[in-house]
Each structure stands twice: as C-alpha cells, then as structure tokens.
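Participant: Structure file model14.txt, compact mmCIF, N, CA and C atoms, is pasted below:
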```txt
# COMPACT_ATOMS: atom_id res chain seq x y z
N TYR J 1 0.84 -1.18 0.00
CA TYR J 1 0.00 0.00 0.00
C TYR J 1 0.88 1.23 0.00
N LEU J 2 0.75 2.03 -1.02
CA LEU J 2 1.58 3.21 -1.15
C LEU J 2 0.95 4.40 -0.44
N VAL J 3 1.75 5.10 0.29
CA VAL J 3 1.30 6.26 1.05
C VAL J 3 1.84 7.52 0.39
N SER J 4 1.01 8.54 0.33
CA SER J 4 1.45 9.83 -0.21
C SER J 4 1.01 10.94 0.73
N TRP J 5 1.57 12.11 0.50
CA TRP J 5 1.16 13.29 1.28
C TRP J 5 -0.34 13.50 1.16
N LEU J 6 -0.83 13.46 -0.07
CA LEU J 6 -2.24 13.71 -0.33
C LEU J 6 -3.11 12.72 0.43
N TYR J 7 -2.73 11.45 0.39
CA TYR J 7 -3.48 10.42 1.11
C TYR J 7 -3.54 10.75 2.60
N LEU J 8 -2.40 11.09 3.19
CA LEU J 8 -2.37 11.39 4.62
C LEU J 8 -3.20 12.62 4.96
N CYS J 9 -3.12 13.64 4.13
CA CYS J 9 -3.92 14.85 4.38
C CYS J 9 -5.40 14.54 4.31
N GLU J 10 -5.80 13.77 3.32
CA GLU J 10 -7.21 13.40 3.19
C GLU J 10 -7.66 12.49 4.33
N LYS J 11 -6.81 11.55 4.69
CA LYS J 11 -7.15 10.60 5.75
C LYS J 11 -7.39 11.30 7.09
N PHE J 12 -6.56 12.31 7.39
CA PHE J 12 -6.66 12.98 8.68
C PHE J 12 -7.34 14.35 8.59
N PHE J 13 -7.86 14.69 7.40
CA PHE J 13 -8.61 15.93 7.19
C PHE J 13 -7.84 17.17 7.65
N ILE J 14 -6.56 17.24 7.24
CA ILE J 14 -5.74 18.40 7.60
C ILE J 14 -4.95 18.89 6.40
N SER J 15 -4.48 20.12 6.50
CA SER J 15 -3.67 20.69 5.43
C SER J 15 -2.26 20.09 5.45
N ARG J 16 -1.55 20.32 4.39
CA ARG J 16 -0.18 19.80 4.30
C ARG J 16 0.72 20.41 5.38
N SER J 17 0.56 21.70 5.63
CA SER J 17 1.39 22.35 6.66
C SER J 17 1.06 21.83 8.05
N SER J 18 -0.23 21.59 8.31
CA SER J 18 -0.62 21.02 9.61
C SER J 18 -0.09 19.60 9.77
N LEU J 19 -0.15 18.85 8.69
CA LEU J 19 0.38 17.49 8.72
C LEU J 19 1.86 17.49 9.08
N TYR J 20 2.61 18.35 8.42
CA TYR J 20 4.05 18.45 8.67
C TYR J 20 4.30 18.79 10.15
N ARG J 21 3.60 19.79 10.63
CA ARG J 21 3.79 20.24 12.01
C ARG J 21 3.44 19.13 13.01
N GLU J 22 2.32 18.45 12.79
CA GLU J 22 1.91 17.37 13.70
C GLU J 22 2.89 16.20 13.67
N PHE J 23 3.34 15.83 12.50
CA PHE J 23 4.32 14.75 12.40
C PHE J 23 5.58 15.09 13.18
N LYS J 24 6.10 16.28 12.95
CA LYS J 24 7.33 16.68 13.64
C LYS J 24 7.12 16.72 15.16
N GLU J 25 5.99 17.21 15.58
CA GLU J 25 5.73 17.33 17.01
C GLU J 25 5.55 15.97 17.68
N TRP J 26 4.75 15.10 17.09
CA TRP J 26 4.38 13.84 17.74
C TRP J 26 5.29 12.67 17.40
N LEU J 27 5.81 12.65 16.21
CA LEU J 27 6.61 11.50 15.78
C LEU J 27 8.09 11.81 15.59
N ASP J 28 8.44 13.08 15.67
CA ASP J 28 9.81 13.52 15.48
C ASP J 28 10.38 13.06 14.14
N ILE J 29 9.53 13.11 13.13
CA ILE J 29 9.92 12.73 11.77
C ILE J 29 9.05 13.53 10.80
N THR J 30 9.61 13.87 9.66
CA THR J 30 8.81 14.60 8.67
C THR J 30 7.91 13.61 7.92
N PRO J 31 6.80 14.10 7.38
CA PRO J 31 5.95 13.21 6.58
C PRO J 31 6.70 12.60 5.40
N SER J 32 7.59 13.36 4.78
CA SER J 32 8.36 12.82 3.65
C SER J 32 9.22 11.64 4.09
N LYS J 33 9.86 11.76 5.23
CA LYS J 33 10.69 10.67 5.74
C LYS J 33 9.84 9.47 6.12
N TYR J 34 8.67 9.73 6.69
CA TYR J 34 7.74 8.65 7.04
C TYR J 34 7.34 7.87 5.78
N ILE J 35 6.98 8.62 4.74
CA ILE J 35 6.57 7.98 3.49
C ILE J 35 7.73 7.20 2.89
N GLU J 36 8.91 7.79 2.90
CA GLU J 36 10.10 7.10 2.40
C GLU J 36 10.34 5.81 3.18
N ASN J 37 10.22 5.86 4.50
CA ASN J 37 10.41 4.68 5.33
C ASN J 37 9.39 3.59 5.01
N ARG J 38 8.14 3.99 4.82
CA ARG J 38 7.09 3.02 4.47
C ARG J 38 7.38 2.38 3.12
N ARG J 39 7.79 3.19 2.17
CA ARG J 39 8.09 2.66 0.83
C ARG J 39 9.29 1.71 0.87
N LEU J 40 10.31 2.05 1.64
CA LEU J 40 11.47 1.17 1.75
C LEU J 40 11.11 -0.13 2.46
N SER J 41 10.28 -0.06 3.47
CA SER J 41 9.83 -1.28 4.16
C SER J 41 9.04 -2.17 3.21
N ASN J 42 8.20 -1.55 2.40
CA ASN J 42 7.43 -2.29 1.40
C ASN J 42 8.38 -2.93 0.38
N ALA J 43 9.38 -2.18 -0.04
CA ALA J 43 10.35 -2.70 -1.00
C ALA J 43 11.08 -3.92 -0.43
N LYS J 44 11.45 -3.85 0.81
CA LYS J 44 12.15 -4.97 1.45
C LYS J 44 11.28 -6.23 1.43
N LYS J 45 10.00 -6.07 1.72
CA LYS J 45 9.07 -7.22 1.69
C LYS J 45 8.95 -7.80 0.29
N LEU J 46 8.85 -6.92 -0.71
CA LEU J 46 8.74 -7.40 -2.08
C LEU J 46 9.99 -8.16 -2.51
N LEU J 47 11.15 -7.65 -2.13
CA LEU J 47 12.40 -8.35 -2.46
C LEU J 47 12.46 -9.71 -1.77
N GLU J 48 11.99 -9.76 -0.53
CA GLU J 48 11.96 -11.03 0.20
C GLU J 48 11.04 -12.04 -0.48
N GLN J 49 10.03 -11.54 -1.18
CA GLN J 49 9.08 -12.41 -1.89
C GLN J 49 9.57 -12.79 -3.28
N GLY J 50 10.76 -12.30 -3.65
CA GLY J 50 11.35 -12.67 -4.93
C GLY J 50 11.07 -11.73 -6.08
N GLU J 51 10.49 -10.58 -5.81
CA GLU J 51 10.22 -9.59 -6.85
C GLU J 51 11.54 -9.04 -7.40
N SER J 52 11.58 -8.70 -8.68
CA SER J 52 12.80 -8.12 -9.25
C SER J 52 13.03 -6.74 -8.65
N VAL J 53 14.26 -6.29 -8.72
CA VAL J 53 14.61 -4.98 -8.16
C VAL J 53 13.85 -3.88 -8.90
N GLN J 54 13.81 -3.95 -10.22
CA GLN J 54 13.11 -2.94 -11.02
C GLN J 54 11.62 -2.89 -10.66
N ALA J 55 10.98 -4.05 -10.61
CA ALA J 55 9.55 -4.10 -10.27
C ALA J 55 9.31 -3.63 -8.84
N THR J 56 10.22 -3.97 -7.95
CA THR J 56 10.11 -3.54 -6.56
C THR J 56 10.15 -2.02 -6.46
N ALA J 57 11.07 -1.40 -7.18
CA ALA J 57 11.17 0.06 -7.17
C ALA J 57 9.86 0.69 -7.63
N GLU J 58 9.33 0.18 -8.73
CA GLU J 58 8.08 0.72 -9.28
C GLU J 58 6.91 0.49 -8.33
N LYS J 59 6.76 -0.72 -7.83
CA LYS J 59 5.63 -1.05 -6.96
C LYS J 59 5.70 -0.34 -5.61
N SER J 60 6.89 0.08 -5.22
CA SER J 60 7.06 0.76 -3.94
C SER J 60 6.98 2.27 -4.06
N GLY J 61 6.74 2.76 -5.27
CA GLY J 61 6.56 4.19 -5.45
C GLY J 61 7.82 4.98 -5.72
N PHE J 62 8.86 4.31 -6.21
CA PHE J 62 10.10 4.99 -6.56
C PHE J 62 10.23 5.03 -8.09
N PRO J 63 9.87 6.16 -8.70
CA PRO J 63 9.94 6.23 -10.16
C PRO J 63 11.37 6.26 -10.70
N ASP J 64 12.31 6.67 -9.88
CA ASP J 64 13.71 6.74 -10.29
C ASP J 64 14.45 5.53 -9.70
N TYR J 65 14.79 4.60 -10.57
CA TYR J 65 15.43 3.34 -10.18
C TYR J 65 16.73 3.55 -9.42
N SER J 66 17.58 4.43 -9.92
CA SER J 66 18.89 4.64 -9.26
C SER J 66 18.72 5.32 -7.90
N HIS J 67 17.74 6.19 -7.78
CA HIS J 67 17.46 6.83 -6.49
C HIS J 67 16.98 5.78 -5.48
N PHE J 68 16.15 4.85 -5.94
CA PHE J 68 15.68 3.77 -5.08
C PHE J 68 16.86 2.95 -4.56
N ILE J 69 17.77 2.58 -5.44
CA ILE J 69 18.94 1.78 -5.04
C ILE J 69 19.77 2.54 -4.01
N SER J 70 19.96 3.82 -4.26
CA SER J 70 20.74 4.65 -3.34
C SER J 70 20.08 4.74 -1.96
N LEU J 71 18.78 4.98 -1.92
CA LEU J 71 18.07 5.06 -0.64
C LEU J 71 18.07 3.72 0.09
N PHE J 72 17.87 2.64 -0.66
CA PHE J 72 17.85 1.31 -0.06
C PHE J 72 19.20 1.00 0.58
N LYS J 73 20.26 1.29 -0.14
CA LYS J 73 21.61 1.02 0.36
C LYS J 73 21.91 1.86 1.61
N LYS J 74 21.49 3.10 1.58
CA LYS J 74 21.70 3.98 2.73
C LYS J 74 20.93 3.46 3.96
N ARG J 75 19.72 2.98 3.76
CA ARG J 75 18.88 2.53 4.86
C ARG J 75 19.29 1.15 5.40
N PHE J 76 19.57 0.21 4.49
CA PHE J 76 19.82 -1.17 4.90
C PHE J 76 21.27 -1.62 4.79
N GLY J 77 22.16 -0.74 4.30
CA GLY J 77 23.57 -1.05 4.27
C GLY J 77 24.02 -1.94 3.14
N MET J 78 23.14 -2.18 2.18
CA MET J 78 23.49 -2.98 1.01
C MET J 78 22.50 -2.68 -0.12
N THR J 79 22.90 -2.99 -1.33
CA THR J 79 22.00 -2.75 -2.46
C THR J 79 20.84 -3.74 -2.40
N PRO J 80 19.74 -3.44 -3.10
CA PRO J 80 18.62 -4.38 -3.12
C PRO J 80 19.01 -5.76 -3.67
N LYS J 81 19.85 -5.77 -4.69
CA LYS J 81 20.29 -7.05 -5.27
C LYS J 81 21.10 -7.87 -4.27
N LYS J 82 21.98 -7.20 -3.54
CA LYS J 82 22.78 -7.89 -2.52
C LYS J 82 21.88 -8.41 -1.41
N PHE J 83 20.90 -7.60 -1.00
CA PHE J 83 19.94 -8.02 0.01
C PHE J 83 19.22 -9.28 -0.45
N GLN J 84 18.77 -9.27 -1.68
CA GLN J 84 18.04 -10.40 -2.22
C GLN J 84 18.94 -11.64 -2.34
N SER J 85 20.19 -11.44 -2.71
CA SER J 85 21.10 -12.58 -2.84
C SER J 85 21.39 -13.23 -1.50
N ARG J 86 21.33 -12.45 -0.43
CA ARG J 86 21.53 -13.03 0.92
C ARG J 86 20.35 -13.91 1.31
N ILE J 87 19.19 -13.61 0.77
CA ILE J 87 18.02 -14.43 1.07
C ILE J 87 18.00 -15.71 0.24
N TYR J 88 18.25 -15.53 -1.06
CA TYR J 88 18.14 -16.66 -1.98
C TYR J 88 19.47 -17.31 -2.37
N GLY J 89 20.57 -16.69 -1.91
CA GLY J 89 21.88 -17.28 -2.16
C GLY J 89 22.23 -17.20 -3.55
```
Would you give me this structure, written as structure tokens?
Facilitator:
Amino acid sequence: YLVSWLYLCEKFFISRSSLYREFKEWLDITPSKYIENRRLSNAKKLLEQGESVQATAEKSGFPDYSHFISLFKKRFGMTPKKFQSRIYG
C-alpha cells in the first residue's frame, strides 16, 4: 500500500502544513521521511518475496530506479540485489 502526502492529508482531514507540524511534534519525523520509510519497508518485503529490483522500485513508489537503489543502500547497508542474494543465495 503506497502512502502519499495527499493520502495522509485526506485521511486525517488536515492541510499539508498542519500534517508536517503534527508529524514533527508527535513522531519527530517529517511526513516525507515517514513515506520514504514506508516505501522502503514495502520494498524490502517485495524483495523477500522474490520480486525483481526494477519491479520492486516501481511497486514501492520509486519512479527513479537509481534513487531507489541509493536510498535502499543507505537505509539497509546494502544494495537491493545484494539483500536479495543473501536471502536466496
């Protein structure tokens, strides 16, 4: 399930600026970082299920493949392909 700013604003019936302020105050994280974290967690699950790296990037809401690889590596300490190879050998 992909999360976006618009979805969160509609879900909680608040403006984008209010959403940002509430996130920072209560969760100590920006909405953008929250969404990025959710997308990366989703990507990790898809890779664990055997999805290709390209399809995982697209299904997780990352239109830029190289940006996805960079974020994944920064978050999990390895590229998506390396992560997948550790699971499937």
Participant: Please, what distance in Å, to one decimal, runs between atom C of Trp26 in chain J and atom C of Lys74 in chain J?
Facilitator: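 A separation of 22.6 Å between them.
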Participant: Anything within 8 Å of (16.2, -1.6, 4.7): list those residues as an MDAnalysis selection string, counting only C-alpha atoms and sticking to the file's coordinates.
Facilitator: chainID J and resid 40:41 44 72:73 75:77
Participant: Just give me the gap between CA of Arg39 in chain J and CA of Cys9 in chain J in Å, one decimal is fine.
Facilitator: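 Distance between the two atoms: 17.5 Å.
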Participant: Could you pull out the residues in range 39-70 of chain J that DSSP calls helix (DSSP H, G or I) from the backbone, as a VMD selection string?
Facilitator: chain J and resid 39 to 48 53 to 59 65 to 70
Participant: Restrict the selected residues to N, CA and C atoms and save them as a PDB file, keeping the file's coordinate frame.
Facilitator:
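The result, stored in selection.pdb:
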```pdb
ATOM      1  N   ARG J  39       7.790   3.190   2.170  1.00  0.00           N
ATOM      2  CA  ARG J  39       8.090   2.660   0.830  1.00  0.00           C
ATOM      3  C   ARG J  39       9.290   1.710   0.870  1.00  0.00           C
ATOM      4  N   LEU J  40      10.310   2.050   1.640  1.00  0.00           N
ATOM      5  CA  LEU J  40      11.470   1.170   1.750  1.00  0.00           C
ATOM      6  C   LEU J  40      11.110  -0.130   2.460  1.00  0.00           C
ATOM      7  N   SER J  41      10.280  -0.060   3.470  1.00  0.00           N
ATOM      8  CA  SER J  41       9.830  -1.280   4.160  1.00  0.00           C
ATOM      9  C   SER J  41       9.040  -2.170   3.210  1.00  0.00           C
ATOM     10  N   ASN J  42       8.200  -1.550   2.400  1.00  0.00           N
ATOM     11  CA  ASN J  42       7.430  -2.290   1.400  1.00  0.00           C
ATOM     12  C   ASN J  42       8.380  -2.930   0.380  1.00  0.00           C
ATOM     13  N   ALA J  43       9.380  -2.180  -0.040  1.00  0.00           N
ATOM     14  CA  ALA J  43      10.350  -2.700  -1.000  1.00  0.00           C
ATOM     15  C   ALA J  43      11.080  -3.920  -0.430  1.00  0.00           C
ATOM     16  N   LYS J  44      11.450  -3.850   0.810  1.00  0.00           N
ATOM     17  CA  LYS J  44      12.150  -4.970   1.450  1.00  0.00           C
ATOM     18  C   LYS J  44      11.280  -6.230   1.430  1.00  0.00           C
ATOM     19  N   LYS J  45      10.000  -6.070   1.720  1.00  0.00           N
ATOM     20  CA  LYS J  45       9.070  -7.220   1.690  1.00  0.00           C
ATOM     21  C   LYS J  45       8.950  -7.800   0.290  1.00  0.00           C
ATOM     22  N   LEU J  46       8.850  -6.920  -0.710  1.00  0.00           N
ATOM     23  CA  LEU J  46       8.740  -7.400  -2.080  1.00  0.00           C
ATOM     24  C   LEU J  46       9.990  -8.160  -2.510  1.00  0.00           C
ATOM     25  N   LEU J  47      11.150  -7.650  -2.130  1.00  0.00           N
ATOM     26  CA  LEU J  47      12.400  -8.350  -2.460  1.00  0.00           C
ATOM     27  C   LEU J  47      12.460  -9.710  -1.770  1.00  0.00           C
ATOM     28  N   GLU J  48      11.990  -9.760  -0.530  1.00  0.00           N
ATOM     29  CA  GLU J  48      11.960 -11.030   0.200  1.00  0.00           C
ATOM     30  C   GLU J  48      11.040 -12.040  -0.480  1.00  0.00           C
ATOM     31  N   VAL J  53      14.260  -6.290  -8.720  1.00  0.00           N
ATOM     32  CA  VAL J  53      14.610  -4.980  -8.160  1.00  0.00           C
ATOM     33  C   VAL J  53      13.850  -3.880  -8.900  1.00  0.00           C
ATOM     34  N   GLN J  54      13.810  -3.950 -10.220  1.00  0.00           N
ATOM     35  CA  GLN J  54      13.110  -2.940 -11.020  1.00  0.00           C
ATOM     36  C   GLN J  54      11.620  -2.890 -10.660  1.00  0.00           C
ATOM     37  N   ALA J  55      10.980  -4.050 -10.610  1.00  0.00           N
ATOM     38  CA  ALA J  55       9.550  -4.100 -10.270  1.00  0.00           C
ATOM     39  C   ALA J  55       9.310  -3.630  -8.840  1.00  0.00           C
ATOM     40  N   THR J  56      10.220  -3.970  -7.950  1.00  0.00           N
ATOM     41  CA  THR J  56      10.110  -3.540  -6.560  1.00  0.00           C
ATOM     42  C   THR J  56      10.150  -2.020  -6.460  1.00  0.00           C
ATOM     43  N   ALA J  57      11.070  -1.400  -7.180  1.00  0.00           N
ATOM     44  CA  ALA J  57      11.170   0.060  -7.170  1.00  0.00           C
ATOM     45  C   ALA J  57       9.860   0.690  -7.630  1.00  0.00           C
ATOM     46  N   GLU J  58       9.330   0.180  -8.730  1.00  0.00           N
ATOM     47  CA  GLU J  58       8.080   0.720  -9.280  1.00  0.00           C
ATOM     48  C   GLU J  58       6.910   0.490  -8.330  1.00  0.00           C
ATOM     49  N   LYS J  59       6.760  -0.720  -7.830  1.00  0.00           N
ATOM     50  CA  LYS J  59       5.630  -1.050  -6.960  1.00  0.00           C
ATOM     51  C   LYS J  59       5.700  -0.340  -5.610  1.00  0.00           C
ATOM     52  N   TYR J  65      14.790   4.600 -10.570  1.00  0.00           N
ATOM     53  CA  TYR J  65      15.430   3.340 -10.180  1.00  0.00           C
ATOM     54  C   TYR J  65      16.730   3.550  -9.420  1.00  0.00           C
ATOM     55  N   SER J  66      17.580   4.430  -9.920  1.00  0.00           N
ATOM     56  CA  SER J  66      18.890   4.640  -9.260  1.00  0.00           C
ATOM     57  C   SER J  66      18.720   5.320  -7.900  1.00  0.00           C
ATOM     58  N   HIS J  67      17.740   6.190  -7.780  1.00  0.00           N
ATOM     59  CA  HIS J  67      17.460   6.830  -6.490  1.00  0.00           C
ATOM     60  C   HIS J  67      16.980   5.780  -5.480  1.00  0.00           C
ATOM     61  N   PHE J  68      16.150   4.850  -5.940  1.00  0.00           N
ATOM     62  CA  PHE J  68      15.680   3.770  -5.080  1.00  0.00           C
ATOM     63  C   PHE J  68      16.860   2.950  -4.560  1.00  0.00           C
ATOM     64  N   ILE J  69      17.770   2.580  -5.440  1.00  0.00           N
ATOM     65  CA  ILE J  69      18.940   1.780  -5.040  1.00  0.00           C
ATOM     66  C   ILE J  69      19.770   2.540  -4.010  1.00  0.00           C
ATOM     67  N   SER J  70      19.960   3.820  -4.260  1.00  0.00           N
ATOM     68  CA  SER J  70      20.740   4.650  -3.340  1.00  0.00           C
ATOM     69  C   SER J  70      20.080   4.740  -1.960  1.00  0.00           C
TER      70      SER J  70
END
```
Participant: Between J:Glu48, J:Leu19, J:Gln54, J:Asp64, which residue has the minimum interatomic distance to Tyr88 in chain J, considering all atoms listed in the file?
Facilitator: J:Glu48
Participant: CA of Leu27 in chain J to CA of Met78 in chain J: how many Å, to one decimal?
Facilitator: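 The value is 26.7 Å.
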Participant: Report as a ChimeraX atom specification all protein, DNA and RNA residues lying within 6.5 Å of Thr56 in chain J, evaluated on only N, CA and C atoms, omitting residues in the same chain fewer than 6 positions from it.
Facilitator: /J:43,46-47,62
Participant: Find the residue from J:Ile35, J:His67, J:Glu51, J:Tyr20 that sits nearest to Ser4 in chain J; use all atoms listed in the file when measuring.
Facilitator: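 Selected residue with least distance to Ser4 in chain J: J:Ile35.
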Participant: Mind checking which residues fall within 12 Å of Leu6 in chain J, counting only C-alpha atoms, ignoring those fewer than 2 positions away in the same chain, and posting them as a list in words?
Facilitator: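 So the residues in contact are Leu2, Val3, Ser4, Leu8, Cys9, Glu10, Lys11, Phe12, Phe13, Ile14, Ser15, Arg16, Ser17, Leu19, Tyr20, Pro31, Ser32 and Ile35 of chain J.
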Participant: Hey, what's within 9 Å of Lys81 in chain J if we count only C-alpha atoms and toss same-chain stuff fewer than 5 positions away? As a CSV table (one decimal) with N, CA and C atoms, keeping the file's coordinate frame, please?
Facilitator:
```csv
chain,number,residue,atom,x,y,z
J,47,LEU,N,11.2,-7.6,-2.1
J,47,LEU,CA,12.4,-8.4,-2.5
J,47,LEU,C,12.5,-9.7,-1.8
J,52,SER,N,11.6,-8.7,-8.7
J,52,SER,CA,12.8,-8.1,-9.2
J,52,SER,C,13.0,-6.7,-8.6
J,53,VAL,N,14.3,-6.3,-8.7
J,53,VAL,CA,14.6,-5.0,-8.2
J,53,VAL,C,13.8,-3.9,-8.9
J,69,ILE,N,17.8,2.6,-5.4
J,69,ILE,CA,18.9,1.8,-5.0
J,69,ILE,C,19.8,2.5,-4.0
J,86,ARG,N,21.3,-12.4,-0.4
J,86,ARG,CA,21.5,-13.0,0.9
J,86,ARG,C,20.4,-13.9,1.3
```
Participant: Please fill the gaps in range 65-77 of chain J so it has N, CA, C and O atoms, and write that as a CSV table (one decimal), in the frame of the given file.
Facilitator:
```
chain,number,residue,atom,x,y,z
J,65,TYR,N,14.8,4.6,-10.6
J,65,TYR,CA,15.4,3.3,-10.2
J,65,TYR,C,16.7,3.6,-9.4
J,65,TYR,O,17.0,3.0,-8.4
J,66,SER,N,17.6,4.4,-9.9
J,66,SER,CA,18.9,4.6,-9.3
J,66,SER,C,18.7,5.3,-7.9
J,66,SER,O,19.5,5.0,-7.0
J,67,HIS,N,17.7,6.2,-7.8
J,67,HIS,CA,17.5,6.8,-6.5
J,67,HIS,C,17.0,5.8,-5.5
J,67,HIS,O,17.4,5.8,-4.3
J,68,PHE,N,16.2,4.8,-5.9
J,68,PHE,CA,15.7,3.8,-5.1
J,68,PHE,C,16.9,3.0,-4.6
J,68,PHE,O,17.0,2.7,-3.4
J,69,ILE,N,17.8,2.6,-5.4
J,69,ILE,CA,18.9,1.8,-5.0
J,69,ILE,C,19.8,2.5,-4.0
J,69,ILE,O,20.2,2.0,-3.0
J,70,SER,N,20.0,3.8,-4.3
J,70,SER,CA,20.7,4.6,-3.3
J,70,SER,C,20.1,4.7,-2.0
J,70,SER,O,20.7,4.6,-0.9
J,71,LEU,N,18.8,5.0,-1.9
J,71,LEU,CA,18.1,5.1,-0.6
J,71,LEU,C,18.1,3.7,0.1
J,71,LEU,O,18.3,3.7,1.3
J,72,PHE,N,17.9,2.6,-0.7
J,72,PHE,CA,17.8,1.3,-0.1
J,72,PHE,C,19.2,1.0,0.6
J,72,PHE,O,19.3,0.5,1.7
J,73,LYS,N,20.3,1.3,-0.1
J,73,LYS,CA,21.6,1.0,0.4
J,73,LYS,C,21.9,1.9,1.6
J,73,LYS,O,22.5,1.4,2.6
J,74,LYS,N,21.5,3.1,1.6
J,74,LYS,CA,21.7,4.0,2.7
J,74,LYS,C,20.9,3.5,4.0
J,74,LYS,O,21.4,3.5,5.1
J,75,ARG,N,19.7,3.0,3.8
J,75,ARG,CA,18.9,2.5,4.9
J,75,ARG,C,19.3,1.2,5.4
J,75,ARG,O,19.3,0.9,6.6
J,76,PHE,N,19.6,0.2,4.5
J,76,PHE,CA,19.8,-1.2,4.9
J,76,PHE,C,21.3,-1.6,4.8
J,76,PHE,O,21.6,-2.8,5.1
J,77,GLY,N,22.2,-0.7,4.3
J,77,GLY,CA,23.6,-1.0,4.3
J,77,GLY,C,24.0,-1.9,3.1
J,77,GLY,O,25.2,-2.4,3.1
```
